[in-house]
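Chemist: Quick one: the structure is below, questions incoming.
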Amino acid sequence: MVEARKARAVGINHVALEVGDIEEALAFYGRLFNFKLRGKSSTSAFIDLGDQFLALQKGRTQPADEGRHLGLVVDDKDAVRRSLADAGVQPLAGPFLDFLDPWGNRIEIVSYENVQFTKAPNVLRGMGLTHLSKNEQAINELTEKGMAPN
């Protein structure tokens, strides 16, 4: 019997976080990050991440996240650390820069230089981030997969 061909997952277009209020969520995340708003309504907002986006959806009802989290990649992790302090947000204990937003969404901040994914040069150019690069460990991981940046 021939097995049917399965689709291959190739990336993430967006992640949706449930929040209590769209305007409050935009204000909160706006204190932490410089971002472009892709669009919004009374029940949702879309934060542009270049070729991806973060969706904020009204309606969070579950308790705060523990292990479940979103790893959000940034160009300057130390700037996020400072913004969290300025906003009075205490990072969670542990080896990573994690925090809970006001609705209990757990966010882990990851530096672009450390992650295995690479934005295409045209996307980096469009985002004004052509100065970003990968560290040696990330380059080695990408090289092992045949995906080393040029």
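Letters for chains follow the order of the structure tokens (A, B, ...), residue numbers begin at 1 for each chain, and ligand numbers begin at 1 in the order shown.
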Residues at most 10 Å from Gly50 of chain A, counting only C-alpha atoms, excluding those fewer than 3 positions away in the same chain, as a PyMOL selection string?

Modeler: chain A and resi 35-36+38+47+53+119+123-128

Chemist: Which residues come within 10 Å of segment 44-46 of chain A, counting only C-alpha atoms, excluding same-chain residues fewer than 3 positions away, as JSON, numbers by chain?

Modeler: {"A": [14, 15, 16, 17, 18, 19, 21, 22, 23, 25, 26, 36, 37, 38, 39, 40, 41, 49, 52, 53, 54, 55, 56, 57, 58, 59]}

Chemist: Please write the residues from the selection above to a file, keeping C-alpha atoms, as a compact mmCIF listing (two decimals), in the first residue's frame.

Modeler:
# COMPACT_ATOMS: atom_id res chain seq x y z
CA HIS A 14 1.84 34.06 12.98
CA VAL A 15 1.09 33.28 16.60
CA ALA A 16 -2.03 34.55 18.37
CA LEU A 17 -1.93 35.64 22.00
CA GLU A 18 -5.16 36.08 23.89
CA VAL A 19 -5.36 39.33 25.83
CA ASP A 21 -8.17 44.34 25.95
CA ILE A 22 -6.66 45.22 22.56
CA GLU A 23 -5.82 48.86 23.33
CA ALA A 25 -2.24 45.17 24.99
CA LEU A 26 -0.96 47.54 22.30
CA LYS A 36 4.54 48.56 13.21
CA LEU A 37 0.85 47.85 13.56
CA ARG A 38 -0.32 45.78 10.58
CA GLY A 39 -4.00 46.26 11.37
CA LYS A 40 -6.55 46.14 14.16
CA SER A 41 -10.20 45.89 15.09
CA LEU A 49 7.35 41.12 12.29
CA GLN A 52 5.51 37.16 9.99
CA PHE A 53 3.17 38.73 12.52
CA LEU A 54 1.95 38.50 16.08
CA ALA A 55 -1.83 38.50 16.51
CA LEU A 56 -3.39 39.83 19.69
CA GLN A 57 -6.90 38.45 20.19
CA LYS A 58 -9.36 39.68 22.80
CA GLY A 59 -10.70 37.02 25.13

Chemist: Find, counting only C-alpha atoms, the residue in A:Asp51, A:Gln90, A:Ala138, A:Ser42 that gets nearest to Pro121 of chain A.

Modeler: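 Among A:Asp51, A:Gln90, A:Ala138, A:Ser42, it is A:Asp51 that comes nearest to Pro121 of chain A.
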
Chemist: Rounded to one decimal in Å, what is the spacing between atom CA of Arg81 of chain A and atom CA of Leu97 of chain A?

Modeler: 7.7 Å

Chemist: Which residue out of A:Ala4, A:Leu142, A:Leu132, A:Ile107 has the minimum interatomic distance to Glu66 of chain A when only C-alpha atoms are used?

Modeler: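 Nearest to Glu66 of chain A: A:Ile107.
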
Chemist: Please return, as an MDAnalysis selection string, all residues of segment 23-114 of chain A that DSSP assigns to strand (DSSP E) on the basis of the backbone.

Modeler: chainID A and resid 36:40 44:48 53:58 70:74 97:100 106:111

Chemist: Considering only helix (DSSP H, G or I) as DSSP defines it on the backbone, what residues of segment 98-146 of chain A qualify? List them as a list of chain:residue names.

Modeler: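 Listing helix (DSSP H, G or I) positions across segment 98-146 of chain A yields A:Tyr112, A:Glu113, A:Asn114, A:Pro121, A:Asn122, A:Val123, A:Leu124, A:Arg125, A:Gly126, A:Met127, A:Glu136, A:Gln137, A:Ala138, A:Ile139, A:Asn140, A:Glu141, A:Leu142, A:Thr143, A:Glu144.
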
Chemist: Given the selection you just returned, output its residues as a file containing N, CA, C and O atoms, formatted as a tab-separated table (two decimals), in the first residue's frame.

Modeler:
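Once everything was written out, this is out-v3.tsv:
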chain	number	residue	atom	x	y	z
A	112	TYR	N	18.30	37.60	17.99
A	112	TYR	CA	18.39	37.11	16.61
A	112	TYR	C	19.71	36.39	16.36
A	112	TYR	O	19.74	35.38	15.66
A	113	GLU	N	20.78	36.88	16.94
A	113	GLU	CA	22.09	36.27	16.69
A	113	GLU	C	22.17	34.82	17.16
A	113	GLU	O	23.00	34.06	16.70
A	114	ASN	N	21.29	34.42	18.09
A	114	ASN	CA	21.35	33.08	18.69
A	114	ASN	C	20.43	32.06	18.04
A	114	ASN	O	20.55	30.87	18.34
A	121	PRO	N	17.63	37.96	3.12
A	121	PRO	CA	18.23	39.29	3.00
A	121	PRO	C	17.23	40.38	2.61
A	121	PRO	O	17.30	41.49	3.12
A	122	ASN	N	16.29	40.06	1.72
A	122	ASN	CA	15.32	41.07	1.32
A	122	ASN	C	14.38	41.45	2.47
A	122	ASN	O	13.96	42.60	2.58
A	123	VAL	N	14.09	40.50	3.36
A	123	VAL	CA	13.24	40.80	4.51
A	123	VAL	C	14.02	41.65	5.51
A	123	VAL	O	13.49	42.66	6.02
A	124	LEU	N	15.26	41.28	5.80
A	124	LEU	CA	16.09	42.10	6.69
A	124	LEU	C	16.22	43.52	6.15
A	124	LEU	O	16.13	44.49	6.90
A	125	ARG	N	16.44	43.64	4.85
A	125	ARG	CA	16.56	44.96	4.22
A	125	ARG	C	15.27	45.76	4.42
A	125	ARG	O	15.29	46.92	4.81
A	126	GLY	N	14.14	45.13	4.17
A	126	GLY	CA	12.86	45.80	4.32
A	126	GLY	C	12.56	46.20	5.75
A	126	GLY	O	11.82	47.15	5.99
A	127	MET	N	13.12	45.47	6.69
A	127	MET	CA	12.92	45.78	8.11
A	127	MET	C	13.98	46.74	8.65
A	127	MET	O	13.93	47.14	9.81
A	136	GLU	N	28.58	32.36	16.39
A	136	GLU	CA	29.25	31.16	15.89
A	136	GLU	C	28.42	29.89	16.10
A	136	GLU	O	28.33	29.04	15.22
A	137	GLN	N	27.80	29.77	17.27
A	137	GLN	CA	26.99	28.58	17.55
A	137	GLN	C	25.81	28.48	16.58
A	137	GLN	O	25.53	27.41	16.05
A	138	ALA	N	25.13	29.58	16.34
A	138	ALA	CA	23.99	29.56	15.41
A	138	ALA	C	24.45	29.23	14.00
A	138	ALA	O	23.80	28.46	13.29
A	139	ILE	N	25.59	29.79	13.59
A	139	ILE	CA	26.13	29.49	12.26
A	139	ILE	C	26.47	28.01	12.15
A	139	ILE	O	26.18	27.36	11.14
A	140	ASN	N	27.08	27.44	13.20
A	140	ASN	CA	27.41	26.01	13.18
A	140	ASN	C	26.16	25.16	13.08
A	140	ASN	O	26.13	24.18	12.32
A	141	GLU	N	25.12	25.51	13.83
A	141	GLU	CA	23.86	24.75	13.77
A	141	GLU	C	23.25	24.84	12.38
A	141	GLU	O	22.75	23.85	11.84
A	142	LEU	N	23.27	26.03	11.80
A	142	LEU	CA	22.74	26.21	10.44
A	142	LEU	C	23.58	25.45	9.42
A	142	LEU	O	23.04	24.83	8.50
A	143	THR	N	24.90	25.47	9.59
A	143	THR	CA	25.80	24.76	8.67
A	143	THR	C	25.54	23.27	8.70
A	143	THR	O	25.50	22.62	7.64
A	144	GLU	N	25.33	22.70	9.89
A	144	GLU	CA	25.04	21.27	10.01
A	144	GLU	C	23.77	20.89	9.26
A	144	GLU	O	23.63	19.76	8.81

Chemist: Which distance in Å separates atom CA of Arg106 of chain A and atom CA of Ala27 of chain A, to one decimal?

Modeler: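 Interatomic distance, atom CA of Arg106 of chain A to atom CA of Ala27 of chain A: 17.2 Å.
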
Chemist: Do you know which residues are at most 7 Å from Glu108 of chain A counting only C-alpha atoms, after dropping those on the same chain fewer than 4 positions away, and could you put them as a PyMOL selection string?

Modeler: chain A and resi 69-72+96-99

Chemist: May I have the residues within 8 Å of Asp65 of chain A as a ChimeraX atom specification, using only C-alpha atoms and disregarding those fewer than 6 positions away in the same chain?

Modeler: /A:100,104-106
